[in-house]
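Asker: Here you go, one structure.
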Amino acid sequence: MTVNEAQGYGRQSGHSEVYRGAEYQVSFVPKVRIEIAVDDAMADQVVDTIVAAAQTGKIGDGKIWVVPIDELVRVRTNERGTDAL
Amino acid sequence: MTSDLKPVIEQFKRERTTLLEKPVVDARQIARELTLLCDSLLKSLYPSPPPPGTALIALGSYADFEMTPNSDIDVVLLHKPKLSVESLAQSIWYPLWDVGLKVDNSVRTPKEAIKMAIADPRVLNGLCRPRLIVGDADLVSELDKSLRETWTKKRKSLLAVVIEYAQQRHRESGELAYLLEPDLKDAKGGLRDFAIIKALEYLEDTDLLGSGLMGVYDAQKSLHDTRVMLHLKNPRSSNRLLLQDQDSVAEGLGFQDADMLMEEVAQAGKTISFAFDTISRRLTASVTKPSTPKLNLPIPFSLHGDEILLTLHDGSRPTFSMLLKLALIAASNGLHISERSLEEFADANLETPKTFSEDEFHSFISFLSAGPAMIQAAEALDHFRLFEIIIPEWKQVRCKPQRNAYHIYTVDRHLLETVVNAAILRRRVKRPDLLLIAALLHDIGKGLPGDHTEAGVKTIPQICARFGMNEKDKDIVLCLVQNHLTLADTATRRDISDPTTITKVAELLQEPLVVELLEVLTEADSLATGTSAWSGWKANLVSELASRTLRALEGLQPESDIFPGDEFDYLLSQADNGWAMDANADSLKIVAPDKPGLFSLVAGTLALVGTDIVAARVGSKGPMALENFVLQPPEGRPSDWNRFRRELQKSFEEPGSLQQRLQEKVKNYSRARRRSGVQLVPPRVVVAPDESSRATVVEVWAPNRIGLLHDVTAVMANMSLSIAHAKVLTLGDDVVDSFYLTDSDGAPIANPEILTELSAALMDVLGSPQL
């Protein structure tokens, strides 16, 4: 698992539901970006766990996307595929 | 989204889709229906009855029933202080976000809204003329009253901020009327300027668009309709009317072609821009004491602030001479002309005199030489169609777009910009008057059918006769207009060290005065064309060509120009029968064993590393070929010569691999997409056997692409032709390559069959798409 501090905005352009800023302004909101490499079989469980932990029902809860990994190598041992996880 | 809102949202989506898919009859009606749909959605989302002390208000184009398919829903949830509105806000914004609509939302008390407006001119502009969608109307009245009171109290400082902010936007976005791809909203003269005028009317509580500025409403309608149609035709577009969208927008709005649309857009931009300038100047003068310049103006003119007025007494009428005097005083002192005075001139139905008096012509020349302030005065005259009383032929170039990637201005503005450049450079010539007249008229034929130079030349004698110019001066202006591209074209496409080139230019220009004038006109014209039209390289070539032509006209022998000179000696000693190169930012010298196709290999390898060739000369010493390239390095970074060296070595060792490596580059290289709507030059090959006594000149015209020069020169190598000299001129998306070719004996190509075969083989290569 890798965690990065990131900045971004989604459909609300970084505004809160009670927005008191100036017109046209788009605000970047501090976010955390988490990357997790898991075996296919575990993917759904990981997604469900994140949703359960992170959901507040308010804007800015974030997004999860799942993408396939073509190849994975553990550099130290040169193991490949799921062995490298 | 709660389940009871789903049907409301679904219905909104359906109706919006149906509306946007309907054939467009009236763009304005679509904008109105879009607005009403949004109103209806927001009313459904708002609790019923509306919570007391709250109101939802629309701002900007939404408030004005002028939404486009891409508009934000610009709304404020207004509420009384100390009222918790968080859950109310959530119940409105969340469904809008979920539908994917662009919302510009905020939640404020009237006091907070005023505070924001004072701090930010965009908020101030947006809050003017708010429209209640649903809720407490008293809150909107309160906001309205506070806003006007605040304006009255802080009028001077707020006005300054509003105008400065608009001017900053103008600097960033340019002037709508003269741009070939204008931003309909943010450019000077665009819809945002109209919105500011209306906001100022609201704040000042007065009618600012009186008499001379009435055309503004029609102008706004034109731009608004164009913007709606742009967003309907291309939902991904911004507010910039790009060349690629102009045809479909013109068709949608019922114009005959895109040029007609762009003329109307330019006209609308001029009208709004003029109104904006006049109103902002007048309001500024009402809060600050204008510094009246100390000037004694001749009768019948007087000064009011920085505006010149025509003050006629005794029932006398404005005359043509007065018009020229007025323009001259305004331009040479950087003053504005009162629009009422301009209206008086327009109402007088002045006629163009058959011949200008000496005094009138003198005023006109002084007006043209006034520098940058001349444009402002010319534009003011043009707004009331008075400039075409001075030159009736101006009508044909007025607001005329130029649909190529080379020019940045419409024809009329390009001519005025050329005059300003000529005025700045005029001390370099003996007859600045002729220079300025030629600058003003050089593209006057662009509104006429056929070749613009030929069409323009036909009208020059009558214009010059009207100016009262003598035959000799008339001939010089005629020659300058006729040849206004001669120096630039010859310098960039011909070998200027070739005596035949110089003789031909000398025959066209005939006298030293014309050469001197044309050199400056070429610079003034190129600088007014666009950023890519003038460079240090082109300036040097034009100056060199002019000075060689002058020497020829004075009967002097041309300066000797031997190629290759001794500059290759060092490289030859390095090459040692192999190859050697010497490169810097904009030039490359190569020596290598002479063999057919060497030029093509170097050109292809340069394309691989992203470096463009602008010119090349080729010679030989014994068994070695000596090639000198003038280069245009890749944008934003220097050429990678180590990589070039490796790639060229590979090209020498495996010549067949170059084509494959070029194909690879084409595949990987995300070349900026060529803009559709730009008129590309159709590929053609022109053989000009009389252009040189040393070689046969072949010109290749084609849309640019990676490796084009490599392909073209490979064809020549395959036919055992040698390139002695080459020039590569990039004009926007097109290239014009000129080659000086010789046969295997080093002589011009005498056999016409070879030339026919060459032309056919070249057309094959030019006709093929990107590798």
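For the structure tokens, the naming scheme is as follows: chains receive sequential letters (A, B, ...) according to their order of presentation, residues are indexed from 1 within each chain, and ligands are indexed from 1 in presentation order.
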Counting only C-alpha atoms, a student should be able to say which residues of chain B come within 6 Å of chain A; what is the right answer, written as an MDAnalysis selection string?
Answerer: chainID B and resid 90 106:107
Asker: Give me a file of those residues, with all heavy atoms, as a CSV table (one decimal), in the first residue's frame.
Answerer:
```csv
chain,number,residue,atom,x,y,z
B,90,GLN,N,-27.8,21.7,0.9
B,90,GLN,CA,-27.5,20.3,0.5
B,90,GLN,C,-28.6,19.8,-0.4
B,90,GLN,O,-28.4,19.1,-1.4
B,90,GLN,CB,-27.4,19.4,1.7
B,90,GLN,CG,-26.1,19.4,2.4
B,90,GLN,CD,-26.0,18.5,3.6
B,90,GLN,OE1,-26.8,17.6,3.7
B,90,GLN,NE2,-25.0,18.7,4.4
B,106,SER,N,-23.3,29.6,-4.4
B,106,SER,CA,-22.9,30.1,-3.2
B,106,SER,C,-24.1,30.4,-2.2
B,106,SER,O,-25.2,30.4,-2.7
B,106,SER,CB,-22.1,31.4,-3.4
B,106,SER,OG,-22.8,32.3,-4.1
B,107,VAL,N,-23.7,30.5,-1.0
B,107,VAL,CA,-24.8,30.7,0.0
B,107,VAL,C,-24.4,32.0,0.8
B,107,VAL,O,-23.3,32.0,1.3
B,107,VAL,CB,-24.8,29.5,1.0
B,107,VAL,CG1,-25.9,29.7,2.1
B,107,VAL,CG2,-25.1,28.2,0.3
```
Asker: Env of Glu699 (chain B): 7 Å cut, atoms = only C-alpha atoms, seq-sep filter 4 positions within chain, self excluded. Answer as a JSON list (two decimals) with C-alpha atoms, in the first residue's frame.
Answerer:
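Saved result, result_20.json, follows:
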```
[["chain", "number", "residue", "atom", "x", "y", "z"],
["B", 685, "VAL", "CA", 5.12, 21.43, -58.00],
["B", 686, "VAL", "CA", 6.29, 24.49, -59.91],
["B", 687, "VAL", "CA", 9.29, 24.34, -62.24],
["B", 736, "VAL", "CA", 7.02, 26.00, -49.63],
["B", 737, "ASP", "CA", 10.32, 24.27, -50.41],
["B", 738, "SER", "CA", 12.50, 25.68, -53.18],
["B", 739, "PHE", "CA", 15.32, 23.63, -54.67]]
```
Asker: I'd like the neighbourhood of region 31-46 of chain A as a JSON list (two decimals) with all heavy atoms, in the first residue's frame, where a residue qualifies if any of its atoms comes within 12 Å (using only C-alpha atoms), though same-chain residues fewer than 2 positions away should be ignored.
Answerer:
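File written: around_3.json
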```
[["chain", "number", "residue", "atom", "x", "y", "z"],
["A", 1, "MET", "N", 0.85, -1.20, 0.00],
["A", 1, "MET", "CA", 0.00, 0.00, 0.00],
["A", 1, "MET", "C", 0.88, 1.24, 0.00],
["A", 1, "MET", "O", 1.87, 1.29, 0.72],
["A", 1, "MET", "CB", -0.89, -0.02, 1.26],
["A", 1, "MET", "CG", -1.80, 1.18, 1.35],
["A", 1, "MET", "SD", -3.14, 0.92, 2.51],
["A", 1, "MET", "CE", -2.46, 1.67, 3.96],
["A", 2, "THR", "N", 0.52, 2.20, -0.83],
["A", 2, "THR", "CA", 1.25, 3.46, -0.88],
["A", 2, "THR", "C", 0.25, 4.58, -0.60],
["A", 2, "THR", "O", -0.86, 4.56, -1.14],
["A", 2, "THR", "CB", 1.84, 3.71, -2.28],
["A", 2, "THR", "OG1", 2.47, 2.51, -2.70],
["A", 2, "THR", "CG2", 2.83, 4.85, -2.29],
["A", 3, "VAL", "N", 0.64, 5.54, 0.21],
["A", 3, "VAL", "CA", -0.24, 6.67, 0.50],
["A", 3, "VAL", "C", 0.45, 7.96, 0.10],
["A", 3, "VAL", "O", 1.60, 8.19, 0.46],
["A", 3, "VAL", "CB", -0.60, 6.72, 2.00],
["A", 3, "VAL", "CG1", -1.52, 7.90, 2.29],
["A", 3, "VAL", "CG2", -1.25, 5.42, 2.43],
["A", 4, "ASN", "N", -0.24, 8.78, -0.74],
["A", 4, "ASN", "CA", 0.30, 10.10, -1.13],
["A", 4, "ASN", "C", -0.65, 11.18, -0.67],
["A", 4, "ASN", "O", -1.87, 10.99, -0.71],
["A", 4, "ASN", "CB", 0.37, 10.24, -2.66],
["A", 4, "ASN", "CG", 1.31, 9.24, -3.28],
["A", 4, "ASN", "OD1", 0.90, 8.43, -4.07],
["A", 4, "ASN", "ND2", 2.54, 9.28, -2.87],
["A", 5, "GLU", "N", -0.06, 12.29, -0.28],
["A", 5, "GLU", "CA", -0.92, 13.46, -0.07],
["A", 5, "GLU", "C", -1.13, 14.10, -1.44],
["A", 5, "GLU", "O", -0.18, 14.24, -2.20],
["A", 5, "GLU", "CB", -0.25, 14.45, 0.87],
["A", 5, "GLU", "CG", -0.31, 13.96, 2.30],
["A", 5, "GLU", "CD", 0.29, 14.93, 3.29],
["A", 5, "GLU", "OE1", 0.71, 16.02, 2.85],
["A", 5, "GLU", "OE2", 0.33, 14.60, 4.47],
["A", 6, "ALA", "N", -2.38, 14.44, -1.75],
["A", 6, "ALA", "CA", -2.66, 14.98, -3.09],
["A", 6, "ALA", "C", -3.61, 16.17, -2.98],
["A", 6, "ALA", "O", -4.12, 16.47, -1.90],
["A", 6, "ALA", "CB", -3.30, 13.89, -3.95],
["A", 7, "GLN", "N", -3.79, 16.88, -4.10],
["A", 7, "GLN", "CA", -4.77, 17.96, -4.14],
["A", 7, "GLN", "C", -5.67, 17.73, -5.34],
["A", 7, "GLN", "O", -5.17, 17.31, -6.39],
["A", 7, "GLN", "CB", -4.08, 19.30, -4.31],
["A", 7, "GLN", "CG", -3.28, 19.72, -3.10],
["A", 7, "GLN", "CD", -3.05, 21.21, -3.09],
["A", 7, "GLN", "OE1", -2.86, 21.80, -4.13],
["A", 7, "GLN", "NE2", -3.09, 21.80, -1.92],
["A", 8, "GLY", "N", -6.95, 17.99, -5.19],
["A", 8, "GLY", "CA", -7.82, 17.76, -6.34],
["A", 8, "GLY", "C", -9.21, 18.30, -6.11],
["A", 8, "GLY", "O", -9.49, 18.87, -5.05],
["A", 9, "TYR", "N", -10.03, 18.15, -7.13],
["A", 9, "TYR", "CA", -11.44, 18.49, -6.96],
["A", 9, "TYR", "C", -12.27, 17.65, -7.91],
["A", 9, "TYR", "O", -11.77, 17.15, -8.92],
["A", 9, "TYR", "CB", -11.71, 19.98, -7.17],
["A", 9, "TYR", "CG", -11.42, 20.48, -8.55],
["A", 9, "TYR", "CD1", -12.36, 20.35, -9.58],
["A", 9, "TYR", "CD2", -10.19, 21.07, -8.83],
["A", 9, "TYR", "CE1", -12.08, 20.81, -10.85],
["A", 9, "TYR", "CE2", -9.90, 21.53, -10.10],
["A", 9, "TYR", "CZ", -10.84, 21.40, -11.10],
["A", 9, "TYR", "OH", -10.56, 21.83, -12.36],
["A", 10, "GLY", "N", -13.54, 17.51, -7.56],
["A", 10, "GLY", "CA", -14.44, 16.72, -8.40],
["A", 10, "GLY", "C", -15.52, 17.60, -8.97],
["A", 10, "GLY", "O", -15.28, 18.75, -9.32],
["A", 14, "GLY", "N", -14.48, 21.72, -5.84],
["A", 14, "GLY", "CA", -13.84, 21.97, -4.55],
["A", 14, "GLY", "C", -14.67, 22.82, -3.60],
["A", 14, "GLY", "O", -14.17, 23.27, -2.58],
["A", 28, "PHE", "N", -8.69, 23.75, -5.13],
["A", 28, "PHE", "CA", -8.13, 22.41, -4.93],
["A", 28, "PHE", "C", -8.28, 22.05, -3.46],
["A", 28, "PHE", "O", -8.00, 22.86, -2.58],
["A", 28, "PHE", "CB", -6.66, 22.38, -5.33],
["A", 28, "PHE", "CG", -6.46, 22.36, -6.81],
["A", 28, "PHE", "CD1", -6.17, 23.52, -7.51],
["A", 28, "PHE", "CD2", -6.58, 21.17, -7.51],
["A", 28, "PHE", "CE1", -6.01, 23.49, -8.88],
["A", 28, "PHE", "CE2", -6.42, 21.14, -8.88],
["A", 28, "PHE", "CZ", -6.13, 22.29, -9.56],
["A", 29, "VAL", "N", -8.74, 20.84, -3.21],
["A", 29, "VAL", "CA", -8.97, 20.40, -1.84],
["A", 29, "VAL", "C", -7.91, 19.36, -1.50],
["A", 29, "VAL", "O", -7.62, 18.49, -2.32],
["A", 29, "VAL", "CB", -10.38, 19.77, -1.75],
["A", 29, "VAL", "CG1", -10.67, 19.31, -0.35],
["A", 29, "VAL", "CG2", -11.44, 20.75, -2.22],
["A", 48, "ASP", "N", -14.86, -2.61, -0.79],
["A", 48, "ASP", "CA", -15.93, -2.51, 0.21],
["A", 48, "ASP", "C", -15.41, -1.95, 1.53],
["A", 48, "ASP", "O", -16.06, -1.15, 2.19],
["A", 48, "ASP", "CB", -16.56, -3.90, 0.46],
["A", 48, "ASP", "CG", -17.33, -4.39, -0.77],
["A", 48, "ASP", "OD1", -17.62, -3.52, -1.64],
["A", 48, "ASP", "OD2", -17.62, -5.59, -0.88],
["A", 49, "THR", "N", -14.21, -2.39, 1.89],
["A", 49, "THR", "CA", -13.64, -1.95, 3.17],
["A", 49, "THR", "C", -13.38, -0.44, 3.14],
["A", 49, "THR", "O", -13.68, 0.28, 4.09],
["A", 49, "THR", "CB", -12.30, -2.69, 3.44],
["A", 49, "THR", "OG1", -12.56, -4.08, 3.33],
["A", 49, "THR", "CG2", -11.77, -2.37, 4.83],
["A", 50, "ILE", "N", -12.85, 0.03, 2.01],
["A", 50, "ILE", "CA", -12.56, 1.47, 1.92],
["A", 50, "ILE", "C", -13.86, 2.27, 1.97],
["A", 50, "ILE", "O", -13.97, 3.26, 2.68],
["A", 50, "ILE", "CB", -11.77, 1.80, 0.63],
["A", 50, "ILE", "CG1", -10.42, 1.12, 0.67],
["A", 50, "ILE", "CG2", -11.59, 3.31, 0.48],
["A", 50, "ILE", "CD1", -9.63, 1.21, -0.63],
["A", 51, "VAL", "N", -14.86, 1.81, 1.21],
["A", 51, "VAL", "CA", -16.15, 2.53, 1.19],
["A", 51, "VAL", "C", -16.72, 2.58, 2.61],
["A", 51, "VAL", "O", -17.14, 3.64, 3.08],
["A", 51, "VAL", "CB", -17.15, 1.85, 0.22],
["A", 51, "VAL", "CG1", -18.54, 2.45, 0.37],
["A", 51, "VAL", "CG2", -16.67, 1.99, -1.21],
["A", 52, "ALA", "N", -16.69, 1.45, 3.30],
["A", 52, "ALA", "CA", -17.26, 1.41, 4.65],
["A", 52, "ALA", "C", -16.53, 2.36, 5.58],
["A", 52, "ALA", "O", -17.13, 3.06, 6.41],
["A", 52, "ALA", "CB", -17.19, -0.02, 5.18],
["A", 53, "ALA", "N", -15.21, 2.45, 5.43],
["A", 53, "ALA", "CA", -14.43, 3.28, 6.35],
["A", 53, "ALA", "C", -14.52, 4.76, 6.01],
["A", 53, "ALA", "O", -14.48, 5.61, 6.89],
["A", 53, "ALA", "CB", -12.97, 2.82, 6.32],
["A", 54, "ALA", "N", -14.65, 5.09, 4.70],
["A", 54, "ALA", "CA", -14.48, 6.49, 4.29],
["A", 54, "ALA", "C", -15.80, 7.21, 4.05],
["A", 54, "ALA", "O", -15.83, 8.43, 3.96],
["A", 54, "ALA", "CB", -13.64, 6.54, 3.02],
["A", 60, "GLY", "N", -17.13, 15.17, -1.45],
["A", 60, "GLY", "CA", -15.70, 15.10, -1.13],
["A", 60, "GLY", "C", -15.30, 13.78, -0.51],
["A", 60, "GLY", "O", -14.16, 13.62, -0.07],
["A", 61, "ASP", "N", -16.20, 12.81, -0.45],
["A", 61, "ASP", "CA", -15.83, 11.50, 0.11],
["A", 61, "ASP", "C", -14.78, 10.82, -0.75],
["A", 61, "ASP", "O", -14.01, 10.00, -0.26],
["A", 61, "ASP", "CB", -17.08, 10.60, 0.20],
["A", 61, "ASP", "CG", -17.86, 10.83, 1.49],
["A", 61, "ASP", "OD1", -17.40, 11.68, 2.29],
["A", 61, "ASP", "OD2", -18.91, 10.20, 1.69],
["A", 62, "GLY", "N", -14.75, 11.13, -2.03],
["A", 62, "GLY", "CA", -13.68, 10.60, -2.88],
["A", 62, "GLY", "C", -14.16, 9.57, -3.88],
["A", 62, "GLY", "O", -15.36, 9.33, -4.02],
["A", 63, "LYS", "N", -13.21, 9.01, -4.59],
["A", 63, "LYS", "CA", -13.52, 8.00, -5.61],
["A", 63, "LYS", "C", -12.56, 6.84, -5.50],
["A", 63, "LYS", "O", -11.43, 7.00, -5.06],
["A", 63, "LYS", "CB", -13.37, 8.63, -7.00],
["A", 63, "LYS", "CG", -14.52, 9.53, -7.37],
["A", 63, "LYS", "CD", -14.50, 9.90, -8.82],
["A", 63, "LYS", "CE", -15.72, 10.72, -9.18],
["A", 63, "LYS", "NZ", -15.89, 11.94, -8.38],
["A", 64, "ILE", "N", -13.03, 5.68, -5.94],
["A", 64, "ILE", "CA", -12.16, 4.50, -5.99],
["A", 64, "ILE", "C", -12.17, 4.01, -7.43],
["A", 64, "ILE", "O", -13.25, 3.96, -8.04],
["A", 64, "ILE", "CB", -12.69, 3.37, -5.08],
["A", 64, "ILE", "CG1", -12.76, 3.87, -3.63],
["A", 64, "ILE", "CG2", -11.82, 2.12, -5.21],
["A", 64, "ILE", "CD1", -13.46, 2.90, -2.70],
["A", 65, "TRP", "N", -11.02, 3.74, -7.98],
["A", 65, "TRP", "CA", -11.06, 3.07, -9.28],
["A", 65, "TRP", "C", -10.14, 1.85, -9.27],
["A", 65, "TRP", "O", -9.14, 1.83, -8.58],
["A", 65, "TRP", "CB", -10.75, 4.01, -10.45],
["A", 65, "TRP", "CG", -9.47, 4.76, -10.41],
["A", 65, "TRP", "CD1", -8.31, 4.41, -10.99],
["A", 65, "TRP", "CD2", -9.24, 6.03, -9.78],
["A", 65, "TRP", "NE1", -7.36, 5.37, -10.78],
["A", 65, "TRP", "CE2", -7.91, 6.38, -10.04],
["A", 65, "TRP", "CE3", -10.02, 6.90, -9.02],
["A", 65, "TRP", "CZ2", -7.33, 7.56, -9.55],
["A", 65, "TRP", "CZ3", -9.45, 8.06, -8.54],
["A", 65, "TRP", "CH2", -8.14, 8.39, -8.81],
["A", 66, "VAL", "N", -10.59, 0.84, -9.98],
["A", 66, "VAL", "CA", -9.86, -0.44, -10.00],
["A", 66, "VAL", "C", -9.31, -0.64, -11.41],
["A", 66, "VAL", "O", -10.05, -0.56, -12.39],
["A", 66, "VAL", "CB", -10.82, -1.60, -9.64],
["A", 66, "VAL", "CG1", -10.06, -2.92, -9.64],
["A", 66, "VAL", "CG2", -11.47, -1.36, -8.29],
["A", 67, "VAL", "N", -8.00, -0.85, -11.50],
["A", 67, "VAL", "CA", -7.40, -1.06, -12.82],
["A", 67, "VAL", "C", -6.55, -2.33, -12.80],
["A", 67, "VAL", "O", -5.97, -2.67, -11.76],
["A", 67, "VAL", "CB", -6.50, 0.14, -13.23],
["A", 67, "VAL", "CG1", -7.33, 1.35, -13.56],
["A", 67, "VAL", "CG2", -5.49, 0.48, -12.16],
["A", 68, "PRO", "N", -6.49, -3.03, -13.93],
["A", 68, "PRO", "CA", -5.67, -4.26, -13.94],
["A", 68, "PRO", "C", -4.18, -3.91, -13.94],
["A", 68, "PRO", "O", -3.79, -2.83, -14.42],
["A", 68, "PRO", "CB", -6.07, -4.93, -15.24],
["A", 68, "PRO", "CG", -6.59, -3.84, -16.10],
["A", 68, "PRO", "CD", -7.15, -2.79, -15.20],
["A", 69, "ILE", "N", -3.37, -4.80, -13.40],
["A", 69, "ILE", "CA", -1.91, -4.61, -13.43],
["A", 69, "ILE", "C", -1.34, -5.65, -14.41],
["A", 69, "ILE", "O", -1.56, -6.85, -14.24],
["A", 69, "ILE", "CB", -1.31, -4.81, -12.02],
["A", 69, "ILE", "CG1", -1.87, -3.76, -11.05],
["A", 69, "ILE", "CG2", 0.22, -4.75, -12.07],
["A", 69, "ILE", "CD1", -1.47, -3.97, -9.60],
["A", 70, "ASP", "N", -0.65, -5.18, -15.44],
["A", 70, "ASP", "CA", -0.13, -6.11, -16.45],
["A", 70, "ASP", "C", 0.99, -6.99, -15.90],
["A", 70, "ASP", "O", 1.08, -8.17, -16.18],
["A", 70, "ASP", "CB", 0.40, -5.33, -17.66],
["A", 70, "ASP", "CG", -0.73, -4.73, -18.46],
["A", 70, "ASP", "OD1", -1.86, -5.23, -18.32],
["A", 70, "ASP", "OD2", -0.49, -3.76, -19.19],
["A", 71, "GLU", "N", 1.83, -6.38, -15.12],
["A", 71, "GLU", "CA", 2.99, -7.14, -14.64],
["A", 71, "GLU", "C", 3.44, -6.56, -13.32],
["A", 71, "GLU", "O", 3.36, -5.34, -13.11],
["A", 71, "GLU", "CB", 4.12, -7.03, -15.70],
["A", 71, "GLU", "CG", 5.40, -7.74, -15.37],
["A", 71, "GLU", "CD", 5.28, -9.27, -15.35],
["A", 71, "GLU", "OE1", 4.45, -9.78, -14.58],
["A", 71, "GLU", "OE2", 6.05, -9.92, -16.09],
["A", 72, "LEU", "N", 3.90, -7.42, -12.43],
["A", 72, "LEU", "CA", 4.37, -6.96, -11.13],
["A", 72, "LEU", "C", 5.68, -7.71, -10.84],
["A", 72, "LEU", "O", 5.75, -8.92, -11.00],
["A", 72, "LEU", "CB", 3.30, -7.28, -10.08],
["A", 72, "LEU", "CG", 3.52, -6.71, -8.70],
["A", 72, "LEU", "CD1", 3.30, -5.20, -8.71],
["A", 72, "LEU", "CD2", 2.53, -7.34, -7.71],
["A", 73, "VAL", "N", 6.67, -6.99, -10.41],
["A", 73, "VAL", "CA", 7.97, -7.62, -10.13],
["A", 73, "VAL", "C", 8.47, -7.17, -8.77],
["A", 73, "VAL", "O", 8.46, -5.97, -8.49],
["A", 73, "VAL", "CB", 9.03, -7.19, -11.19],
["A", 73, "VAL", "CG1", 10.35, -7.93, -10.96],
["A", 73, "VAL", "CG2", 8.51, -7.44, -12.59],
["A", 81, "GLY", "N", 4.42, -11.59, -10.90],
["A", 81, "GLY", "CA", 2.98, -11.83, -10.72],
["A", 81, "GLY", "C", 2.56, -11.78, -9.26],
["A", 81, "GLY", "O", 3.13, -11.01, -8.47],
["A", 82, "THR", "N", 1.56, -12.61, -8.89],
["A", 82, "THR", "CA", 1.04, -12.54, -7.52],
["A", 82, "THR", "C", 2.11, -12.91, -6.48],
["A", 82, "THR", "O", 2.03, -12.50, -5.33],
["A", 82, "THR", "CB", -0.18, -13.47, -7.36],
["A", 82, "THR", "OG1", 0.14, -14.72, -7.94],
["A", 82, "THR", "CG2", -1.41, -12.89, -8.01],
["A", 83, "ASP", "N", 3.12, -13.67, -6.89],
["A", 83, "ASP", "CA", 4.20, -14.01, -5.95],
["A", 83, "ASP", "C", 4.90, -12.75, -5.46],
["A", 83, "ASP", "O", 5.50, -12.73, -4.39],
["A", 83, "ASP", "CB", 5.25, -14.90, -6.65],
["A", 83, "ASP", "CG", 4.70, -16.29, -6.92],
["A", 83, "ASP", "OD1", 3.64, -16.61, -6.32],
["A", 83, "ASP", "OD2", 5.29, -17.01, -7.74],
["A", 84, "ALA", "N", 4.86, -11.72, -6.28],
["A", 84, "ALA", "CA", 5.58, -10.50, -5.93],
["A", 84, "ALA", "C", 4.78, -9.62, -4.97],
["A", 84, "ALA", "O", 5.28, -8.61, -4.48],
["A", 84, "ALA", "CB", 5.91, -9.71, -7.20],
["A", 85, "LEU", "N", 3.54, -9.96, -4.74],
["A", 85, "LEU", "CA", 2.71, -9.11, -3.86],
["A", 85, "LEU", "C", 3.17, -9.19, -2.41],
["A", 85, "LEU", "O", 3.55, -10.25, -1.94],
["A", 85, "LEU", "CB", 1.24, -9.56, -3.96],
["A", 85, "LEU", "CG", 0.45, -8.99, -5.13],
["A", 85, "LEU", "CD1", -0.91, -9.68, -5.22],
["A", 85, "LEU", "CD2", 0.24, -7.49, -4.96]]
```
Asker: Per DSSP on the backbone, what are the alpha helix (DSSP H) residues of region 311-540 of chain B, as a VMD selection string?
Answerer: chain B and resid 320 to 333 339 to 347 358 to 368 373 to 383 387 to 390 411 to 425 432 to 441 452 to 467 471 to 482 486 to 493 499 to 509 512 to 527 536 to 540
Asker: Using only C-alpha atoms, which residues sit within 9 Å of Leu253 (chain B) once same-chain residues fewer than 4 positions away are excluded, as a VMD selection string?
Answerer: chain B and resid 24 to 27 225 to 226 229 248 to 249 261
Asker: Show which residues sit within 9 Å of Arg129 (chain B), as a list in words. Count only C-alpha atoms, and ignore same-chain residues fewer than 6 positions away.
Answerer: Leu59, Gly60, Ala63, Asp64, Asp144, Lys198, Ala199 and Tyr202 of chain B
Asker: Could you list, as a tab-separated table (two decimals) with C-alpha atoms, in the first residue's frame, every residue within 12 Å of Leu434 (chain B), counting only C-alpha atoms and ignoring same-chain residues fewer than 2 positions away?
Answerer:
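Once written, result05.tsv looks like this:
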```
chain	number	residue	atom	x	y	z
B	361	PHE	CA	-3.95	65.16	-48.41
B	365	ILE	CA	-0.63	61.72	-44.41
B	368	LEU	CA	-1.29	58.06	-40.96
B	369	SER	CA	2.10	58.96	-39.50
B	419	VAL	CA	0.58	51.70	-41.25
B	422	ALA	CA	5.51	51.92	-41.21
B	423	ALA	CA	5.08	55.16	-39.24
B	426	ARG	CA	9.45	55.90	-41.58
B	429	VAL	CA	13.14	56.17	-46.00
B	430	LYS	CA	13.31	59.32	-48.08
B	431	ARG	CA	9.58	59.39	-48.91
B	432	PRO	CA	7.59	58.42	-45.79
B	436	LEU	CA	2.42	55.14	-45.54
B	437	ILE	CA	0.06	55.18	-48.53
B	438	ALA	CA	1.44	51.85	-49.77
B	439	ALA	CA	1.15	50.38	-46.27
B	440	LEU	CA	-2.50	51.41	-46.09
B	441	LEU	CA	-3.35	50.10	-49.53
B	442	HIS	CA	-1.13	47.04	-50.00
B	464	CYS	CA	-3.94	57.84	-55.90
B	467	PHE	CA	-5.43	61.81	-53.29
B	469	MET	CA	-0.78	62.47	-56.25
B	470	ASN	CA	1.37	63.13	-59.33
B	472	LYS	CA	5.49	59.65	-60.72
B	473	ASP	CA	4.37	59.08	-57.11
B	474	LYS	CA	1.35	57.14	-58.28
B	475	ASP	CA	3.63	54.77	-60.22
B	476	ILE	CA	5.81	54.23	-57.18
B	477	VAL	CA	2.83	53.35	-54.97
B	478	LEU	CA	1.54	51.07	-57.72
B	479	CYS	CA	4.91	49.32	-57.95
B	480	LEU	CA	5.07	48.94	-54.15
B	481	VAL	CA	1.58	47.40	-53.94
B	513	LEU	CA	13.82	54.58	-54.07
B	514	VAL	CA	11.36	51.70	-54.60
B	516	GLU	CA	14.37	51.37	-50.08
B	517	LEU	CA	10.60	51.81	-49.55
B	518	LEU	CA	9.83	48.16	-50.21
B	520	VAL	CA	10.66	48.90	-44.93
B	521	LEU	CA	7.17	48.03	-46.20
```
